[in-house]
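Heads up, data_31.txt below (compact mmCIF, C-alpha atoms):
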```txt
# COMPACT_ATOMS: atom_id res chain seq x y z
CA MET V 7 174.18 0.73 77.82
CA ILE V 8 174.53 -1.13 81.14
CA GLN V 9 171.62 -3.57 81.26
CA SER V 10 170.94 -3.37 85.00
CA ILE V 11 170.71 0.43 84.87
CA GLU V 12 168.44 0.28 81.84
CA ARG V 13 166.15 -2.19 83.60
CA ALA V 14 166.12 -0.16 86.81
CA MET V 15 165.06 2.91 84.84
CA MET V 16 162.25 0.91 83.21
CA ILE V 17 160.94 0.21 86.70
CA ILE V 18 161.38 3.82 87.81
CA HIS V 19 159.40 5.05 84.80
CA VAL V 20 156.52 2.74 85.74
CA LEU V 21 156.48 3.98 89.34
CA ALA V 22 156.76 7.60 88.18
CA LYS V 23 153.43 7.36 86.33
CA ASN V 24 151.72 7.73 89.71
CA PRO V 25 154.28 8.61 92.42
CA LYS V 26 151.81 8.29 95.30
CA ARG V 27 150.56 4.85 94.34
CA PHE V 28 152.08 1.55 95.45
CA PHE V 29 152.73 -0.90 92.58
CA SER V 30 152.91 -4.67 92.87
CA VAL V 31 155.60 -6.69 91.14
CA GLN V 32 152.85 -7.97 88.85
CA ASP V 33 151.96 -4.40 87.91
CA ILE V 34 155.58 -3.70 87.01
CA TYR V 35 155.88 -6.98 85.12
CA ASN V 36 152.80 -6.09 83.07
CA GLU V 37 154.43 -2.81 82.02
CA THR V 38 158.00 -4.01 81.45
CA ASP V 39 157.96 -7.78 80.77
CA LEU V 40 161.03 -8.04 83.00
CA PRO V 41 161.43 -11.35 84.90
CA SER V 42 159.88 -11.16 88.37
CA SER V 43 163.16 -12.18 89.99
CA THR V 44 164.92 -9.28 88.25
CA ILE V 45 162.21 -6.85 89.35
CA TYR V 46 162.51 -7.96 92.98
CA ARG V 47 166.29 -7.72 92.91
CA LEU V 48 166.32 -4.24 91.41
CA LEU V 49 163.57 -2.98 93.71
CA TYR V 50 165.45 -4.08 96.81
CA THR V 51 168.63 -2.44 95.51
CA LEU V 52 166.76 0.79 94.81
CA GLU V 53 165.21 0.58 98.28
CA ASN V 54 168.68 0.52 99.86
CA PHE V 55 169.24 4.01 98.42
CA ASP V 56 165.72 5.22 99.34
CA LEU V 57 164.90 5.51 95.64
CA VAL V 58 161.83 3.34 96.26
CA GLU V 59 159.87 2.61 99.41
CA ARG V 60 158.02 -0.57 100.29
CA ASN V 61 154.61 -1.28 101.74
CA GLU V 62 155.69 -4.19 103.94
CA GLU V 63 152.20 -5.58 104.39
CA LYS V 64 151.34 -5.86 100.70
CA LYS V 65 154.87 -6.17 99.28
CA GLU V 66 154.21 -3.21 96.99
CA PHE V 67 156.52 -0.36 96.01
CA ARG V 68 156.44 3.30 95.06
CA LEU V 69 158.98 6.06 94.44
CA GLY V 70 161.07 7.07 97.45
CA TYR V 71 161.68 10.59 98.68
CA THR V 72 165.27 10.65 97.46
CA TRP V 73 163.90 11.63 94.04
CA LEU V 74 162.18 14.64 95.60
CA GLN V 75 165.37 15.64 97.40
CA LEU V 76 167.40 15.37 94.20
CA GLY V 77 164.77 17.22 92.23
CA MET V 78 164.56 20.05 94.75
CA LYS V 79 168.35 20.44 94.67
CA MET V 80 168.17 20.95 90.91
CA TYR V 81 165.10 23.16 91.34
CA HIS V 82 166.82 25.50 93.77
CA HIS V 83 170.21 25.54 92.09
CA THR V 84 169.16 26.15 88.53
CA ASN V 85 170.70 29.54 87.79
CA ILE V 86 168.22 30.47 85.10
CA ARG V 87 165.33 29.74 87.44
CA GLU V 88 166.75 32.01 90.15
CA LYS V 89 167.11 34.86 87.67
CA ALA V 90 163.72 34.22 86.09
CA HIS V 91 161.55 33.89 89.18
CA PRO V 92 161.23 37.61 90.05
CA LEU V 93 160.36 38.31 86.41
CA LEU V 94 157.71 35.58 86.45
CA GLU V 95 156.24 37.08 89.63
CA GLU V 96 156.09 40.54 88.08
CA LEU V 97 154.63 39.14 84.87
CA ALA V 98 151.92 37.21 86.76
CA ILE V 99 150.88 40.43 88.50
CA ASN V 100 150.92 42.49 85.29
CA VAL V 101 148.88 40.06 83.19
CA ARG V 102 146.95 38.49 86.10
CA GLU V 103 147.58 35.00 84.73
CA THR V 104 149.75 32.01 85.66
CA THR V 105 153.28 32.28 84.25
CA TYR V 106 155.83 29.60 83.42
CA LEU V 107 159.48 29.01 82.63
CA ASN V 108 160.24 26.08 80.29
CA ILE V 109 163.62 24.73 79.21
CA PRO V 110 164.24 22.49 76.16
CA LYS V 111 165.20 18.84 76.65
CA LEU V 112 165.63 16.75 73.47
CA ASN V 113 162.21 16.75 71.75
CA ASN V 114 160.38 18.12 74.79
CA SER V 115 160.34 21.08 77.10
CA ILE V 116 160.21 20.87 80.88
CA ILE V 117 158.45 23.32 83.19
CA ILE V 118 161.05 24.35 85.78
CA ASP V 119 159.18 27.21 87.44
CA ARG V 120 155.68 28.63 87.78
CA VAL V 121 154.03 31.61 89.45
CA ASP V 122 150.30 31.26 89.99
CA SER V 123 147.76 33.80 88.81
CA PRO V 124 146.54 36.25 91.48
CA LYS V 125 142.96 35.40 90.39
CA ASN V 126 140.88 32.85 92.29
CA VAL V 127 140.31 30.71 89.18
CA ARG V 128 143.61 29.72 87.62
CA ILE V 129 145.30 27.22 85.33
CA ILE V 130 148.06 25.12 86.84
CA ASP V 131 150.51 22.87 85.00
CA MET V 132 152.93 21.10 87.30
CA ILE V 133 156.59 21.99 87.73
CA GLY V 134 158.64 19.14 86.31
CA GLU V 135 156.03 18.29 83.67
CA LYS V 136 157.52 17.25 80.32
CA ILE V 137 155.67 18.53 77.25
CA PRO V 138 156.47 16.98 73.85
CA TYR V 139 157.22 19.13 70.80
CA PRO V 140 155.47 20.87 69.14
CA ILE V 141 152.57 21.11 71.62
CA GLY V 142 152.00 24.54 73.14
CA ALA V 143 153.29 28.08 72.71
CA ALA V 144 156.51 27.52 74.70
CA ASN V 145 157.51 24.55 72.57
CA LYS V 146 156.68 26.28 69.31
CA VAL V 147 158.69 29.35 70.21
CA LEU V 148 161.68 27.20 71.19
CA LEU V 149 161.42 25.35 67.87
CA ALA V 150 161.02 28.55 65.88
CA PHE V 151 164.29 30.01 67.15
CA SER V 152 166.31 26.79 67.28
CA GLU V 153 168.97 25.75 64.77
CA LYS V 154 167.98 24.05 61.52
CA GLU V 155 169.64 20.85 62.78
CA MET V 156 167.06 20.73 65.54
CA HIS V 157 164.28 21.10 62.97
CA ALA V 158 165.70 18.27 60.87
CA GLY V 159 165.86 15.90 63.82
CA PHE V 160 162.31 16.66 64.88
CA LEU V 161 160.62 17.02 61.50
CA LYS V 162 161.66 13.58 60.28
CA ASN V 163 159.11 12.12 62.72
CA ILE V 164 156.06 13.84 61.18
CA ASN V 165 154.38 13.54 57.79
CA ASP V 166 154.86 16.00 54.92
CA LEU V 167 151.56 17.84 55.38
CA GLU V 168 152.16 18.36 59.11
CA LYS V 169 155.73 19.42 58.33
CA ILE V 170 154.63 22.13 55.89
CA GLU V 171 151.96 23.43 58.29
CA LEU V 172 154.34 23.48 61.24
CA MET V 173 157.13 25.25 59.33
CA GLU V 174 154.67 27.93 58.24
CA GLN V 175 153.68 28.44 61.89
CA LEU V 176 157.32 28.60 63.00
CA ASN V 177 158.18 31.19 60.35
CA VAL V 178 155.30 33.41 61.53
CA ILE V 179 156.40 33.00 65.15
CA LYS V 180 159.97 33.95 64.31
CA ASP V 181 158.79 37.09 62.50
CA LYS V 182 156.53 38.13 65.41
CA GLY V 183 158.98 37.16 68.17
CA TYR V 184 156.39 35.27 70.20
CA SER V 185 153.92 32.40 69.90
CA ILE V 186 150.22 32.00 70.73
CA SER V 187 148.58 28.59 70.99
CA TYR V 188 144.93 27.72 71.53
CA GLY V 189 144.05 24.61 73.51
CA GLU V 190 146.96 22.52 72.25
CA LYS V 191 147.80 21.11 75.65
CA THR V 192 144.67 21.94 77.66
CA LYS V 193 141.36 22.59 75.93
CA GLY V 194 139.80 25.97 76.61
CA THR V 195 143.11 27.70 77.32
CA VAL V 196 145.37 30.11 75.45
CA SER V 197 149.12 30.30 75.97
CA VAL V 198 151.51 33.08 74.95
CA ALA V 199 155.28 32.47 74.97
CA ALA V 200 158.50 34.28 74.07
CA PRO V 201 162.07 32.92 73.80
CA VAL V 202 164.92 33.48 76.25
CA PHE V 203 168.42 33.65 74.72
CA ASP V 204 171.86 33.14 76.26
CA LEU V 205 175.04 35.07 75.42
CA ASN V 206 175.56 32.77 72.40
CA LYS V 207 172.14 33.79 71.05
CA GLU V 208 170.80 30.28 71.63
CA PRO V 209 167.17 29.85 72.79
CA ILE V 210 167.63 28.19 76.18
CA ALA V 211 164.18 28.77 77.69
CA ALA V 212 160.71 30.15 77.10
CA ILE V 213 158.62 32.39 79.33
CA SER V 214 154.87 32.02 78.93
CA ALA V 215 151.53 33.05 80.37
CA GLU V 216 148.39 30.91 80.21
CA CYS V 217 144.79 32.08 80.38
CA PHE V 218 141.25 30.85 79.76
CA GLU V 219 140.02 31.31 76.21
CA TYR V 220 136.56 32.47 77.34
CA ASP V 221 138.20 35.31 79.28
CA THR V 222 140.43 36.46 76.44
CA ASP V 223 140.10 38.71 73.39
CA THR V 224 142.54 40.00 70.77
CA GLU V 225 143.35 43.15 72.71
CA LYS V 226 144.13 41.21 75.87
CA LEU V 227 146.32 38.73 73.99
CA GLU V 228 148.30 41.56 72.43
CA SER V 229 148.83 43.07 75.88
CA ILE V 230 149.93 39.71 77.32
CA ALA V 231 152.28 39.13 74.37
CA LYS V 232 153.90 42.50 74.99
CA GLU V 233 154.47 41.75 78.69
CA VAL V 234 155.69 38.17 78.05
CA THR V 235 158.13 39.39 75.39
CA ARG V 236 159.40 42.08 77.72
CA ALA V 237 160.03 39.57 80.54
CA ALA V 238 161.84 37.19 78.18
CA HIS V 239 163.99 40.06 76.87
CA LEU V 240 164.94 41.14 80.40
CA LEU V 241 165.90 37.57 81.37
CA SER V 242 167.95 37.24 78.16
CA GLN V 243 169.82 40.40 79.10
CA GLU V 244 170.56 39.02 82.58
CA LEU V 245 171.97 35.89 80.94
CA GLY V 246 174.34 37.94 78.81
CA HIS V 247 172.38 38.19 75.57
CA MET V 248 172.88 41.55 73.86
```

Can I see the file as structure tokens?
Amino acid sequence: MIQSIERAMMIIHVLAKNPKRFFSVQDIYNETDLPSSTIYRLLYTLENFDLVERNEEKKEFRLGYTWLQLGMKMYHHTNIREKAHPLLEELAINVRETTYLNIPKLNNSIIIDRVDSPKNVRIIDMIGEKIPYPIGAANKVLLAFSEKEMHAGFLKNINDLEKIELMEQLNVIKDKGYSISYGEKTKGTVSVAAPVFDLNKEPIAAISAECFEYDTDTEKLESIAKEVTRAAHLLSQELGHM
């Protein structure tokens, strides 16, 4: 790995913790232990490409808008997102809850699209948020339908008791075709997710709906699961899955 790139990314990860906040060199040093001279040099290089911006008065730095521009290009040109969005809109109307599209990335999933609930009170997780496995219905459904090699790589990081419990959950999810999680990411919420497959029968995304636990019963969850599964099936078909 090229050292300067690695160090620049260490700085970027610090700034990304709070994109609107300006960080001092001391703040960055406290997080990275990089020499102050190196931090200054890398910050000024990043500034030349508008990857960071500087508060001239305080000599502090935060993320630049180039990241937003790059992110929006990916956001608008992700083929799966374009195909999924109308289905997410329809699903949000049918279940009257906020709906999401997640894609897998190593041992996480990333929210790449969201349609807000038509209700006044709603749950909102941010587009671009990275959620570590196995937290949440979307992650569990992606794990359940992934290859055994994926399981092996992930399961080696948890203890035997957790491994047995998780594998039992994943087997149930695979049999049902969808996942339901209670408050795993956000307390007081329930999430329902179903897998999206490509033409190679690989799970490449998950569609989910999230609701408040106090406003949910078994009948409603079954109805939501049916609609979520239907949306995921339709998107799979559009992506060539038979």

Atom-to-atom span, CA of Phe28 in chain V and CA of Val58 in chain V, Å: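 It comes out at 9.9 Å.
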
Work out how far apart CA of Leu148 in chain V and CA of Thr224 in chain V are and give it in Å to one decimal. 23.0 Å

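For the choices V:Arg87, V:Leu172, V:Thr195, V:Ala98, the atom-to-atom distance to Ile133 in chain V is smallest for V:Arg87 when using all atoms listed in the file.
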
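Computed from the coordinates, the CA of Asn163 in chain V to CA of Asn24 in chain V distance equals 28.3 Å.
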
List every protein, DNA or RNA residue that has an atom no more than 12 Å from (153.1, -6.4, 90.0) in the file's coordinate frame, counting only C-alpha atoms, and report them as a CSV table (one decimal) with C-alpha atoms, in the frame of the given file.
```
chain,number,residue,atom,x,y,z
V,17,ILE,CA,160.9,0.2,86.7
V,20,VAL,CA,156.5,2.7,85.7
V,21,LEU,CA,156.5,4.0,89.3
V,28,PHE,CA,152.1,1.6,95.4
V,29,PHE,CA,152.7,-0.9,92.6
V,30,SER,CA,152.9,-4.7,92.9
V,31,VAL,CA,155.6,-6.7,91.1
V,32,GLN,CA,152.8,-8.0,88.8
V,33,ASP,CA,152.0,-4.4,87.9
V,34,ILE,CA,155.6,-3.7,87.0
V,35,TYR,CA,155.9,-7.0,85.1
V,36,ASN,CA,152.8,-6.1,83.1
V,37,GLU,CA,154.4,-2.8,82.0
V,38,THR,CA,158.0,-4.0,81.4
V,39,ASP,CA,158.0,-7.8,80.8
V,40,LEU,CA,161.0,-8.0,83.0
V,41,PRO,CA,161.4,-11.4,84.9
V,42,SER,CA,159.9,-11.2,88.4
V,43,SER,CA,163.2,-12.2,90.0
V,45,ILE,CA,162.2,-6.8,89.4
V,46,TYR,CA,162.5,-8.0,93.0
V,49,LEU,CA,163.6,-3.0,93.7
V,64,LYS,CA,151.3,-5.9,100.7
V,65,LYS,CA,154.9,-6.2,99.3
V,66,GLU,CA,154.2,-3.2,97.0
V,67,PHE,CA,156.5,-0.4,96.0
V,68,ARG,CA,156.4,3.3,95.1
```

Quick one: residues within 8 Å of Ala150 in chain V, only C-alpha atoms, excluding same-chain residues fewer than 3 positions away - as a ChimeraX atom specification? /V:146-147,176-177,179-180

Kindly export the residues of the current selection with C-alpha atoms, as a PDB file, in the frame of the given file.
```pdb
ATOM      1  CA  LYS V 146     156.680  26.280  69.310  1.00  0.00           C
ATOM      2  CA  VAL V 147     158.690  29.350  70.210  1.00  0.00           C
ATOM      3  CA  LEU V 176     157.320  28.600  63.000  1.00  0.00           C
ATOM      4  CA  ASN V 177     158.180  31.190  60.350  1.00  0.00           C
ATOM      5  CA  ILE V 179     156.400  33.000  65.150  1.00  0.00           C
ATOM      6  CA  LYS V 180     159.970  33.950  64.310  1.00  0.00           C
TER       7      LYS V 180
END
```

From the list V:Pro124, V:Pro92, V:Glu216, V:Glu190, the nearest residue to Tyr139 in chain V using only C-alpha atoms is V:Glu190

If you count all atoms listed in the file, which residues fall within 10 Å of Arg236 in chain V, apart from same-chain ones fewer than 5 positions away, as a compact mmCIF listing (two decimals) with C-alpha atoms, in the coordinates of the input?
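Saved as around-v5.txt:
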```
# COMPACT_ATOMS: atom_id res chain seq x y z
CA LEU V 93 160.36 38.31 86.41
CA LEU V 97 154.63 39.14 84.87
CA ALA V 200 158.50 34.28 74.07
CA ILE V 213 158.62 32.39 79.33
CA ILE V 230 149.93 39.71 77.32
CA ALA V 231 152.28 39.13 74.37
CA LEU V 241 165.90 37.57 81.37
CA SER V 242 167.95 37.24 78.16
```

Counting only C-alpha atoms, I want the residues whose atoms come within 7 Å of (147.6, 29.6, 82.5) in the file frame, returned as a PyMOL selection string. chain V and resi 103-105+128-130+197+215-217

Go ahead and save the residues from that selection, with C-alpha atoms, as a short mmCIF file (atom, residue, chain, number, x, y, z; two decimals), keeping the file's coordinate frame.
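The resulting file, result35.cif, is reproduced below:
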```cif
data_model
loop_
_atom_site.label_atom_id
_atom_site.label_comp_id
_atom_site.auth_asym_id
_atom_site.auth_seq_id
_atom_site.Cartn_x
_atom_site.Cartn_y
_atom_site.Cartn_z
CA GLU V 103 147.58 35.00 84.73
CA THR V 104 149.75 32.01 85.66
CA THR V 105 153.28 32.28 84.25
CA ARG V 128 143.61 29.72 87.62
CA ILE V 129 145.30 27.22 85.33
CA ILE V 130 148.06 25.12 86.84
CA SER V 197 149.12 30.30 75.97
CA ALA V 215 151.53 33.05 80.37
CA GLU V 216 148.39 30.91 80.21
CA CYS V 217 144.79 32.08 80.38
#
```

Nearest to Glu53 in chain V, chosen from V:Val202, V:Leu69, V:Leu161, V:Leu107, with all atoms listed in the file counted in the distances: V:Leu69

Using only C-alpha atoms, which residue out of V:Lys136, V:Phe151, V:Val198, V:Asn100 lies closest to Ile116 in chain V?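 Ranking V:Lys136, V:Phe151, V:Val198, V:Asn100 by distance to Ile116 in chain V, first place goes to V:Lys136.
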
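Each of V:Ile99, V:Leu94, V:Val196, V:Met173 was checked against Ala143 in chain V using only C-alpha atoms; the smallest atom-to-atom distance is that of V:Val196.
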